[in-house]
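K.L.:
As input, take protein-v2.tsv (TSV, C-alpha atoms):
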chain	number	residue	atom	x	y	z
A	24	MET	CA	-132.47	-43.70	-12.90
A	25	MET	CA	-135.82	-41.87	-12.86
A	26	ARG	CA	-134.66	-38.65	-14.55
A	27	MET	CA	-136.31	-38.11	-17.92
A	28	PRO	CA	-133.78	-38.16	-20.78
A	29	PRO	CA	-133.84	-35.11	-23.09
A	30	PHE	CA	-135.97	-35.25	-26.23
A	31	LYS	CA	-137.63	-32.83	-28.62
A	32	LEU	CA	-141.44	-32.88	-28.56
A	33	HIS	CA	-143.39	-32.27	-31.77
A	34	THR	CA	-147.08	-31.30	-31.52
A	35	PRO	CA	-148.78	-31.58	-34.95
A	36	LYS	CA	-152.45	-30.60	-35.29
A	37	THR	CA	-153.36	-32.85	-38.23
A	38	LEU	CA	-152.54	-36.38	-39.27
A	39	ASN	CA	-150.78	-35.14	-42.41
A	40	ASP	CA	-148.57	-32.84	-40.32
A	41	ALA	CA	-147.64	-35.74	-38.03
A	42	LEU	CA	-146.74	-37.98	-40.98
A	43	ASN	CA	-144.70	-35.21	-42.60
A	44	ILE	CA	-142.69	-34.76	-39.40
A	45	ALA	CA	-142.13	-38.52	-39.29
A	46	ARG	CA	-140.95	-38.48	-42.91
A	47	GLU	CA	-138.50	-35.63	-42.30
A	48	LEU	CA	-137.00	-37.36	-39.28
A	49	SER	CA	-136.81	-40.66	-41.15
A	50	ASN	CA	-135.08	-39.03	-44.12
A	51	GLU	CA	-132.45	-37.70	-41.71
A	52	GLU	CA	-132.20	-41.16	-40.07
A	53	ILE	CA	-133.27	-39.71	-36.73
A	54	GLU	CA	-135.10	-42.06	-34.36
A	55	PHE	CA	-138.44	-41.03	-32.86
A	56	ASP	CA	-141.45	-42.35	-30.98
A	57	TRP	CA	-145.15	-41.61	-31.28
A	58	ILE	CA	-146.80	-40.64	-28.00
A	59	ALA	CA	-150.53	-40.90	-27.32
A	60	GLY	CA	-151.49	-40.74	-23.64
A	61	GLY	CA	-147.93	-41.45	-22.51
A	62	THR	CA	-148.93	-43.73	-19.63
A	63	ASP	CA	-146.56	-46.46	-20.86
A	64	LEU	CA	-143.98	-44.54	-22.88
A	65	LEU	CA	-143.07	-41.90	-20.29
A	66	PRO	CA	-142.38	-44.36	-17.42
A	67	ASN	CA	-140.20	-46.33	-19.82
A	68	TYR	CA	-138.32	-43.15	-20.73
A	69	LYS	CA	-137.75	-42.41	-17.05
A	70	TRP	CA	-136.23	-45.88	-16.74
A	71	HIS	CA	-134.13	-45.17	-19.86
A	72	LEU	CA	-135.78	-47.97	-21.80
A	73	ASN	CA	-135.13	-47.44	-25.51
A	74	ALA	CA	-135.67	-43.67	-25.32
A	75	LYS	CA	-135.58	-41.69	-28.59
A	76	PRO	CA	-134.32	-38.12	-29.22
A	77	HIS	CA	-137.61	-37.03	-30.82
A	78	VAL	CA	-141.22	-37.67	-29.77
A	79	ILE	CA	-144.26	-36.87	-31.91
A	80	SER	CA	-147.44	-36.24	-29.90
A	81	LEU	CA	-150.81	-37.28	-31.34
A	82	SER	CA	-152.88	-35.53	-28.67
A	83	GLY	CA	-153.71	-32.49	-30.82
A	84	ILE	CA	-155.07	-34.44	-33.79
A	85	SER	CA	-158.85	-34.28	-33.39
A	86	GLU	CA	-159.59	-36.65	-36.27
A	87	LEU	CA	-158.13	-39.51	-34.21
A	88	SER	CA	-160.75	-39.08	-31.44
A	89	LYS	CA	-163.91	-40.09	-33.31
A	90	LEU	CA	-166.04	-42.63	-31.44
A	91	ASN	CA	-169.27	-44.40	-32.35
A	92	SER	CA	-170.62	-47.97	-32.39
A	93	ASN	CA	-168.47	-49.06	-35.31
A	94	HIS	CA	-165.52	-46.63	-35.19
A	95	ILE	CA	-163.02	-46.14	-32.35
A	96	GLY	CA	-160.31	-43.53	-32.92
A	97	ALA	CA	-156.81	-44.32	-31.69
A	98	MET	CA	-156.80	-41.23	-29.45
A	99	VAL	CA	-160.09	-42.05	-27.70
A	100	SER	CA	-159.26	-42.22	-24.01
A	101	LEU	CA	-159.88	-45.42	-22.10
A	102	HIS	CA	-162.18	-43.47	-19.80
A	103	ASP	CA	-164.29	-42.17	-22.69
A	104	LEU	CA	-164.43	-45.63	-24.23
A	105	ALA	CA	-165.67	-47.13	-20.96
A	106	LYS	CA	-168.29	-44.41	-20.42
A	107	SER	CA	-169.62	-44.08	-23.97
A	108	LYS	CA	-173.14	-45.26	-24.81
A	109	TYR	CA	-171.75	-46.53	-28.12
A	110	THR	CA	-169.26	-49.00	-26.61
A	111	HIS	CA	-170.05	-52.72	-26.57
A	112	PRO	CA	-170.69	-53.90	-22.96
A	113	VAL	CA	-167.80	-56.39	-22.93
A	114	LEU	CA	-165.43	-53.73	-24.25
A	115	VAL	CA	-166.73	-51.41	-21.51
A	116	LYS	CA	-165.82	-54.03	-18.91
A	117	ALA	CA	-162.33	-54.52	-20.34
A	118	ALA	CA	-161.65	-50.78	-20.60
A	119	ASP	CA	-162.96	-50.11	-17.10
A	120	SER	CA	-160.65	-52.81	-15.69
A	121	ILE	CA	-157.49	-51.07	-16.87
A	122	ALA	CA	-155.30	-49.50	-14.19
A	123	SER	CA	-156.86	-46.57	-12.31
A	124	THR	CA	-159.26	-43.73	-13.12
A	125	LEU	CA	-156.43	-41.23	-13.58
A	126	ILE	CA	-154.57	-43.50	-15.97
A	127	ARG	CA	-157.73	-44.28	-17.94
A	128	ARG	CA	-158.28	-40.56	-18.44
A	129	SER	CA	-154.83	-40.26	-20.05
A	130	GLY	CA	-154.36	-43.67	-21.67
A	131	THR	CA	-155.77	-44.22	-25.14
A	132	VAL	CA	-157.19	-47.05	-27.22
A	133	GLY	CA	-154.29	-46.93	-29.69
A	134	GLY	CA	-151.77	-46.85	-26.87
A	135	ASN	CA	-153.34	-49.85	-25.18
A	136	ILE	CA	-153.41	-51.89	-28.37
A	137	CYS	CA	-149.77	-50.99	-29.09
A	138	LEU	CA	-148.70	-51.44	-25.46
A	139	ASP	CA	-145.04	-52.37	-25.16
A	140	THR	CA	-144.50	-55.95	-24.02
A	141	ARG	CA	-143.45	-56.35	-20.41
A	142	CYS	CA	-140.96	-58.49	-18.49
A	143	TYR	CA	-139.64	-58.09	-14.97
A	144	TRP	CA	-136.08	-58.19	-16.31
A	145	PHE	CA	-136.88	-55.30	-18.67
A	146	ASN	CA	-139.24	-52.97	-16.78
A	147	GLN	CA	-136.63	-51.84	-14.28
A	148	THR	CA	-134.38	-48.83	-13.73
A	149	GLU	CA	-131.19	-48.43	-15.72
A	150	GLN	CA	-129.00	-49.13	-12.66
A	151	TRP	CA	-130.94	-52.34	-11.94
A	152	ARG	CA	-130.56	-53.60	-15.53
A	153	GLU	CA	-126.86	-52.78	-15.51
A	154	SER	CA	-126.42	-54.77	-12.29
A	155	ILE	CA	-127.64	-57.93	-14.05
A	156	ASP	CA	-125.58	-57.30	-17.20
A	157	TRP	CA	-128.53	-55.79	-19.07
A	158	CYS	CA	-131.44	-57.36	-20.91
A	159	HIS	CA	-131.80	-58.53	-24.50
A	160	LYS	CA	-134.74	-56.18	-25.13
A	161	CYS	CA	-132.78	-53.12	-23.97
A	162	ASP	CA	-129.16	-54.18	-24.12
A	163	CYS	CA	-127.66	-50.68	-24.47
A	164	GLY	CA	-125.28	-51.98	-27.13
A	165	THR	CA	-123.96	-54.85	-25.01
A	166	GLU	CA	-125.55	-57.73	-27.02
A	167	ALA	CA	-127.01	-58.99	-23.75
A	168	ASP	CA	-128.60	-62.40	-23.49
A	169	CYS	CA	-132.26	-63.02	-22.64
A	170	ARG	CA	-132.69	-63.37	-18.87
A	171	VAL	CA	-135.84	-65.49	-19.18
A	172	ILE	CA	-134.53	-68.09	-21.64
A	173	PRO	CA	-130.70	-67.92	-21.56
A	174	ASN	CA	-128.38	-68.67	-24.47
A	175	GLN	CA	-130.73	-67.35	-27.14
A	176	ASN	CA	-131.07	-63.76	-28.25
A	177	THR	CA	-132.98	-64.19	-31.48
A	178	LEU	CA	-136.43	-63.96	-29.89
A	179	CYS	CA	-137.72	-61.80	-27.05
A	180	VAL	CA	-140.34	-63.47	-24.84
A	181	ALA	CA	-141.58	-60.33	-23.07
A	182	THR	CA	-145.33	-60.60	-22.46
A	183	TYR	CA	-148.17	-58.63	-24.04
A	184	GLN	CA	-150.31	-57.42	-21.12
A	185	ALA	CA	-153.04	-55.19	-22.57
A	186	ASP	CA	-156.77	-55.70	-22.06
A	187	LEU	CA	-158.59	-54.32	-25.11
A	188	ALA	CA	-157.10	-56.52	-27.84
A	189	PRO	CA	-158.70	-59.87	-26.90
A	190	VAL	CA	-162.19	-58.35	-26.71
A	191	LEU	CA	-161.73	-56.44	-29.97
A	192	MET	CA	-160.44	-59.55	-31.73
A	193	CYS	CA	-163.49	-61.51	-30.59
A	194	LEU	CA	-165.71	-58.71	-31.91
A	195	GLY	CA	-164.09	-59.02	-35.34
A	196	ALA	CA	-162.26	-55.69	-35.20
A	197	THR	CA	-160.26	-54.27	-38.10
A	198	ILE	CA	-157.27	-52.04	-37.38
A	199	HIS	CA	-156.38	-49.13	-39.66
A	200	LEU	CA	-152.84	-47.80	-40.12
A	201	ALA	CA	-151.37	-44.75	-41.84
A	202	SER	CA	-147.92	-43.65	-43.01
A	203	VAL	CA	-146.44	-41.37	-45.66
A	204	ASN	CA	-146.70	-44.36	-48.00
A	205	GLY	CA	-150.48	-44.55	-47.62
A	206	ILE	CA	-153.05	-46.36	-45.55
A	207	ARG	CA	-153.72	-50.04	-44.92
A	208	SER	CA	-155.97	-52.18	-42.75
A	209	MET	CA	-156.19	-55.76	-41.52
A	210	PRO	CA	-158.05	-57.93	-39.01
A	211	LEU	CA	-156.75	-57.01	-35.57
A	212	HIS	CA	-155.53	-60.56	-34.88
A	213	ASN	CA	-153.12	-60.17	-37.83
A	214	PHE	CA	-151.63	-56.99	-36.38
A	215	PHE	CA	-149.44	-58.70	-33.77
A	216	GLU	CA	-146.08	-60.44	-34.31
A	217	LEU	CA	-144.79	-63.15	-31.98
A	218	ASP	CA	-141.71	-61.34	-30.72
A	219	GLY	CA	-141.51	-59.20	-27.61
A	220	MET	CA	-139.35	-56.62	-29.40
A	221	THR	CA	-141.07	-56.44	-32.80
A	222	ARG	CA	-144.56	-56.73	-31.21
A	223	ASN	CA	-146.63	-55.81	-34.25
A	224	VAL	CA	-146.54	-55.11	-38.00
A	225	LEU	CA	-146.16	-51.34	-37.71
A	226	GLN	CA	-143.48	-50.13	-40.08
A	227	HIS	CA	-141.13	-47.26	-39.31
A	228	GLY	CA	-143.12	-44.03	-39.28
A	229	GLU	CA	-146.48	-45.80	-39.33
A	230	LEU	CA	-149.21	-45.31	-36.74
A	231	VAL	CA	-152.64	-46.64	-35.77
A	232	THR	CA	-155.47	-44.28	-36.74
A	233	HIS	CA	-158.59	-46.16	-35.69
A	234	ILE	CA	-160.43	-49.42	-35.14
A	235	THR	CA	-163.62	-50.41	-36.93
A	236	LEU	CA	-166.17	-53.00	-35.83
A	237	PRO	CA	-168.66	-54.91	-38.01
A	238	GLU	CA	-172.29	-53.84	-38.28
A	239	ASP	CA	-173.48	-56.86	-36.28
A	240	VAL	CA	-171.28	-56.05	-33.28
A	241	ASN	CA	-174.25	-55.61	-30.91
A	242	GLU	CA	-175.54	-59.10	-31.72
A	243	TRP	CA	-172.57	-60.58	-29.85
A	244	LYS	CA	-172.77	-61.28	-26.11
A	245	GLY	CA	-170.02	-62.32	-23.78
A	246	ASP	CA	-167.64	-61.49	-20.97
A	247	TYR	CA	-164.04	-60.60	-20.13
A	248	GLN	CA	-162.23	-62.04	-17.11
A	249	LYS	CA	-158.74	-61.19	-15.88
A	250	LEU	CA	-156.22	-62.21	-13.26
A	251	ARG	CA	-154.11	-59.50	-11.63
A	252	GLN	CA	-152.42	-58.79	-8.34
A	253	ARG	CA	-154.32	-55.62	-7.43
A	254	GLU	CA	-157.51	-53.98	-8.64
A	255	SER	CA	-156.14	-50.46	-8.97
A	256	TRP	CA	-153.06	-50.80	-11.14
A	257	ASP	CA	-151.63	-54.12	-12.22
A	258	PHE	CA	-151.50	-55.44	-15.77
A	259	PRO	CA	-153.31	-58.74	-16.42
A	260	GLU	CA	-151.33	-61.83	-15.51
A	261	ALA	CA	-153.93	-63.61	-17.63
A	262	GLY	CA	-157.05	-62.41	-19.40
A	263	VAL	CA	-159.79	-64.26	-21.29
A	264	ALA	CA	-162.46	-62.77	-23.55
A	265	ALA	CA	-165.40	-64.88	-24.74
A	266	LEU	CA	-167.97	-63.59	-27.26
A	267	TRP	CA	-170.80	-65.54	-28.84
A	268	ARG	CA	-174.01	-65.44	-30.86
A	269	MET	CA	-176.77	-67.72	-29.62
A	270	GLY	CA	-179.18	-69.98	-31.49
A	271	THR	CA	-182.08	-72.08	-30.21
A	272	LYS	CA	-179.84	-75.02	-29.24
A	273	GLY	CA	-176.72	-73.20	-28.13
A	274	PRO	CA	-174.09	-70.88	-29.59
A	275	THR	CA	-173.94	-70.62	-33.37
A	276	GLN	CA	-170.69	-68.65	-33.22
A	277	LEU	CA	-168.09	-68.50	-30.47
A	278	ARG	CA	-164.75	-66.72	-30.17
A	279	ILE	CA	-162.20	-66.96	-27.37
A	280	ALA	CA	-159.11	-64.76	-27.03
A	281	THR	CA	-156.44	-64.47	-24.33
A	282	THR	CA	-153.92	-61.88	-23.17
A	283	GLY	CA	-151.11	-61.62	-20.62
A	284	LEU	CA	-149.74	-65.06	-21.47
A	285	GLU	CA	-147.40	-64.72	-24.45
A	286	SER	CA	-145.79	-62.00	-26.56
A	287	ILE	CA	-149.05	-61.51	-28.47
A	288	PRO	CA	-152.72	-61.89	-27.59
A	289	GLY	CA	-154.10	-65.23	-28.75
A	290	LEU	CA	-157.25	-65.88	-30.78
A	291	HIS	CA	-158.33	-69.48	-30.19
A	292	LEU	CA	-160.50	-70.19	-33.22
A	293	GLU	CA	-159.89	-73.94	-33.43
A	294	GLU	CA	-160.80	-74.58	-29.80
A	295	ALA	CA	-163.94	-72.42	-30.07
A	296	ASN	CA	-165.09	-74.08	-33.30
A	297	ASN	CA	-164.58	-77.53	-31.79
A	298	ALA	CA	-166.75	-76.51	-28.86
A	299	ILE	CA	-169.60	-75.41	-31.13
A	300	SER	CA	-169.45	-78.60	-33.19
A	301	LYS	CA	-169.71	-80.74	-30.04
A	302	TRP	CA	-171.92	-78.50	-27.94
A	303	ASN	CA	-173.20	-80.12	-24.78
A	304	GLY	CA	-173.63	-77.26	-22.34
A	305	SER	CA	-171.42	-77.13	-19.24
A	306	ASN	CA	-169.49	-80.26	-20.22
A	307	THR	CA	-168.40	-78.57	-23.43
A	308	ILE	CA	-167.32	-75.47	-21.53
A	309	ASP	CA	-165.16	-77.64	-19.25
A	310	THR	CA	-163.53	-79.25	-22.28
A	311	LEU	CA	-163.07	-75.87	-23.98
A	312	ALA	CA	-161.50	-74.33	-20.88
A	313	ASP	CA	-159.02	-77.20	-20.63
A	314	ALA	CA	-158.16	-76.87	-24.34
A	315	ILE	CA	-157.43	-73.15	-23.89
A	316	ARG	CA	-155.25	-73.98	-20.87
A	317	LYS	CA	-153.21	-76.42	-22.92
A	318	SER	CA	-152.79	-74.01	-25.82
A	319	VAL	CA	-151.15	-71.11	-23.95
A	320	LYS	CA	-147.43	-71.00	-23.22
A	321	PRO	CA	-146.57	-68.45	-20.51
A	322	VAL	CA	-142.98	-68.05	-19.34
A	323	GLN	CA	-141.45	-66.94	-16.07
A	324	ASN	CA	-141.33	-63.19	-16.68
A	325	THR	CA	-144.31	-61.88	-14.70
A	326	TRP	CA	-145.09	-62.07	-11.02
A	327	TYR	CA	-147.20	-65.23	-11.06
A	328	SER	CA	-145.67	-68.55	-12.10
A	329	PRO	CA	-146.41	-70.00	-15.55
A	330	SER	CA	-148.10	-73.05	-14.01
A	331	TYR	CA	-150.45	-70.91	-11.93
A	332	ARG	CA	-151.32	-68.68	-14.86
A	333	LYS	CA	-152.13	-71.74	-17.01
A	334	LYS	CA	-154.39	-73.11	-14.29
A	335	MET	CA	-156.12	-69.76	-13.97
A	336	VAL	CA	-156.70	-69.57	-17.73
A	337	LYS	CA	-159.00	-72.57	-17.33
A	338	VAL	CA	-160.83	-70.89	-14.47
A	339	LEU	CA	-161.13	-67.58	-16.32
A	340	THR	CA	-162.41	-69.29	-19.47
A	341	LYS	CA	-165.15	-71.05	-17.52
A	342	ARG	CA	-166.13	-67.78	-15.86
A	343	ALA	CA	-166.14	-65.89	-19.16
A	344	CYS	CA	-168.34	-68.58	-20.75
A	345	ALA	CA	-170.78	-68.83	-17.85
A	346	GLY	CA	-173.36	-66.79	-19.77
A	347	LEU	CA	-173.60	-69.53	-22.38
A	348	ILE	CA	-175.54	-71.75	-19.98
A	349	GLU	CA	-177.19	-69.07	-17.83
A	350	ARG	CA	-180.30	-68.71	-19.97
Please, can you express the file's structure as structure tokens?
P.N.:
Amino acid sequence: MMRMPPFKLHTPKTLNDALNIARELSNEEIEFDWIAGGTDLLPNYKWHLNAKPHVISLSGISELSKLNSNHIGAMVSLHDLAKSKYTHPVLVKAADSIASTLIRRSGTVGGNICLDTRCYWFNQTEQWRESIDWCHKCDCGTEADCRVIPNQNTLCVATYQADLAPVLMCLGATIHLASVNGIRSMPLHNFFELDGMTRNVLQHGELVTHITLPEDVNEWKGDYQKLRQRESWDFPEAGVAALWRMGTKGPTQLRIATTGLESIPGLHLEEANNAISKWNGSNTIDTLADAIRKSVKPVQNTWYSPSYRKKMVKVLTKRACAGLIER
């Protein structure tokens, strides 16, 4: 069913107004969603995927659109992020690889980071899901089983398929959250929770306000590589970000992160640190790429098979790290 379900739209002009609306709805035990660009939420609503009766728009809150070298507001559009002179080159590449120009003009940084996890048993019309006796992530009150891993409905294995998070994690990003209870922040890699339904640490009524990057962000070089079916639309079936700082004899710091492979993006600190400690040029990159391949655990819920995606992780890692030996 592609007909949009009814909901009431709230359009606050300040962050405090938005949080007050969230508090009032929460006090009345009324469910709601935040909406940023709507490029993910609205298609899900049309498919009747966990739609809520109230939606609070963040588009009119100007304080969430600040952008400079060390501060990225949650409402900064993907297009503006990719075109800004302040944006790190690897983040530019990741942002510019997302979907199409029209979607990048609507989609936002906060929306991409908080992207709902995806699964081809979940991202379907209501009639389709009903025909297979529903899906654990959107069971419509039926207590449906997981279609990917049957006979368990304690953990959803829907896949996180957003592009910005792995690059931002490698850049040492901090994410900042706000609610009526106050503000808090944490390293971005601590924001995600390994469950396709929970997805992240956001509490009820809480939202992402901005991302900050360390002062040395421009000292990091690197690349982002992704696997997808088509250039103009598809989510990454696998994505690898590699960022490093170079010394006279090789990298002094190295970070690798992946996306599109599990329910959260992965930051592979141990594998990267092992590579630095045993640095030997291209041989080390081969060993590192194989270690990343072994560490990821994709499941059969996207269009490419888990075995192919694991193999491509090795290829993508080697491509992303090519700049380490091209000196």
K.L.:
Compile a residue-level contact table for segment 199-308 of chain A against segment 131-152 of chain A at a cut-off of 8 Å, reporting for every qualifying residue the shortest atom pair and its distance in Å to one decimal, with only C-alpha atoms counted, rows ordered by chain and ascending number, as JSON lines.
P.N.:
{"residue": "A:Gly219", "atom": "CA", "partner": "A:Thr140", "partner_atom": "CA", "distance": 5.7}
{"residue": "A:Met220", "atom": "CA", "partner": "A:Thr140", "partner_atom": "CA", "distance": 7.5}
{"residue": "A:Arg222", "atom": "CA", "partner": "A:Thr140", "partner_atom": "CA", "distance": 7.2}
{"residue": "A:Asn223", "atom": "CA", "partner": "A:Cys137", "partner_atom": "CA", "distance": 7.7}
{"residue": "A:Val231", "atom": "CA", "partner": "A:Gly133", "partner_atom": "CA", "distance": 6.3}
{"residue": "A:Thr232", "atom": "CA", "partner": "A:Gly133", "partner_atom": "CA", "distance": 7.6}
{"residue": "A:His233", "atom": "CA", "partner": "A:Gly133", "partner_atom": "CA", "distance": 7.4}
{"residue": "A:Ser286", "atom": "CA", "partner": "A:Thr140", "partner_atom": "CA", "distance": 6.7}
K.L.:
Compare A:Val319, A:Leu339, A:Leu217, A:Ala261 by their minimum atom-to-atom distance to Thr177 of chain A, counting only C-alpha atoms, and give me the closest one.
P.N.:
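Closest to Thr177 of chain A of all the choices is A:Leu217.
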K.L.:
Mind checking which residues fall within 10 Å of Asn324 of chain A, counting all atoms listed in the file, ignoring those fewer than 3 positions away in the same chain, and posting them as a ChimeraX atom specification?
P.N.:
/A:141-145,170-172,180-182,284-285,321,327-329
K.L.:
How many Å separate atom CA of Leu277 of chain A from atom CA of Glu293 of chain A?
P.N.:
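According to the coordinates, atom CA of Leu277 of chain A and atom CA of Glu293 of chain A are separated by 10.3 Å.
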K.L.:
Counting all atoms listed in the file, which of A:Asn73, A:Ser305, A:Ser154, A:Thr110 gets nearest to Lys341 of chain A?
P.N.:
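Selected residue with least distance to Lys341 of chain A: A:Ser305.
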K.L.:
Provide the atom CA of Asp56 of chain A to atom CA of Val322 of chain A distance in Å, to one decimal place.
P.N.:
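A separation of 28.3 Å between them.
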K.L.:
Please report the interatomic distance between atom CA of Val190 of chain A and atom CA of Ile234 of chain A in Å with one decimal.
P.N.:
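Separation of atom CA of Val190 of chain A and atom CA of Ile234 of chain A: 12.4 Å.
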K.L.:
Could you pull the residues within 12 Å of Gly346 of chain A, counting all atoms listed in the file, minus those fewer than 2 positions along the same chain, as a list of chain:residue names?
P.N.:
A:Trp243, A:Lys244, A:Gly245, A:Asp246, A:Tyr247, A:Ala265, A:Leu266, A:Trp267, A:Arg268, A:Met269, A:Gly273, A:Pro274, A:Gly304, A:Ser305, A:Ile308, A:Thr340, A:Lys341, A:Arg342, A:Ala343, A:Cys344, A:Ile348, A:Glu349, A:Arg350
K.L.:
Those residues you just picked out, can you put them in a file as a compact mmCIF listing (two decimals), in the frame of the given file with C-alpha atoms?
P.N.:
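The resulting file, again.txt, is reproduced below:
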# COMPACT_ATOMS: atom_id res chain seq x y z
CA TRP A 243 -172.57 -60.58 -29.85
CA LYS A 244 -172.77 -61.28 -26.11
CA GLY A 245 -170.02 -62.32 -23.78
CA ASP A 246 -167.64 -61.49 -20.97
CA TYR A 247 -164.04 -60.60 -20.13
CA ALA A 265 -165.40 -64.88 -24.74
CA LEU A 266 -167.97 -63.59 -27.26
CA TRP A 267 -170.80 -65.54 -28.84
CA ARG A 268 -174.01 -65.44 -30.86
CA MET A 269 -176.77 -67.72 -29.62
CA GLY A 273 -176.72 -73.20 -28.13
CA PRO A 274 -174.09 -70.88 -29.59
CA GLY A 304 -173.63 -77.26 -22.34
CA SER A 305 -171.42 -77.13 -19.24
CA ILE A 308 -167.32 -75.47 -21.53
CA THR A 340 -162.41 -69.29 -19.47
CA LYS A 341 -165.15 -71.05 -17.52
CA ARG A 342 -166.13 -67.78 -15.86
CA ALA A 343 -166.14 -65.89 -19.16
CA CYS A 344 -168.34 -68.58 -20.75
CA ILE A 348 -175.54 -71.75 -19.98
CA GLU A 349 -177.19 -69.07 -17.83
CA ARG A 350 -180.30 -68.71 -19.97
K.L.:
Have a look at A:Ser107, A:Gly83, A:Asn303, A:Ala59 and name the one nearest to Lys36 of chain A; count only C-alpha atoms.
P.N.:
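Looking only at the distances to Lys36 of chain A, the closest residue turns out to be A:Gly83.
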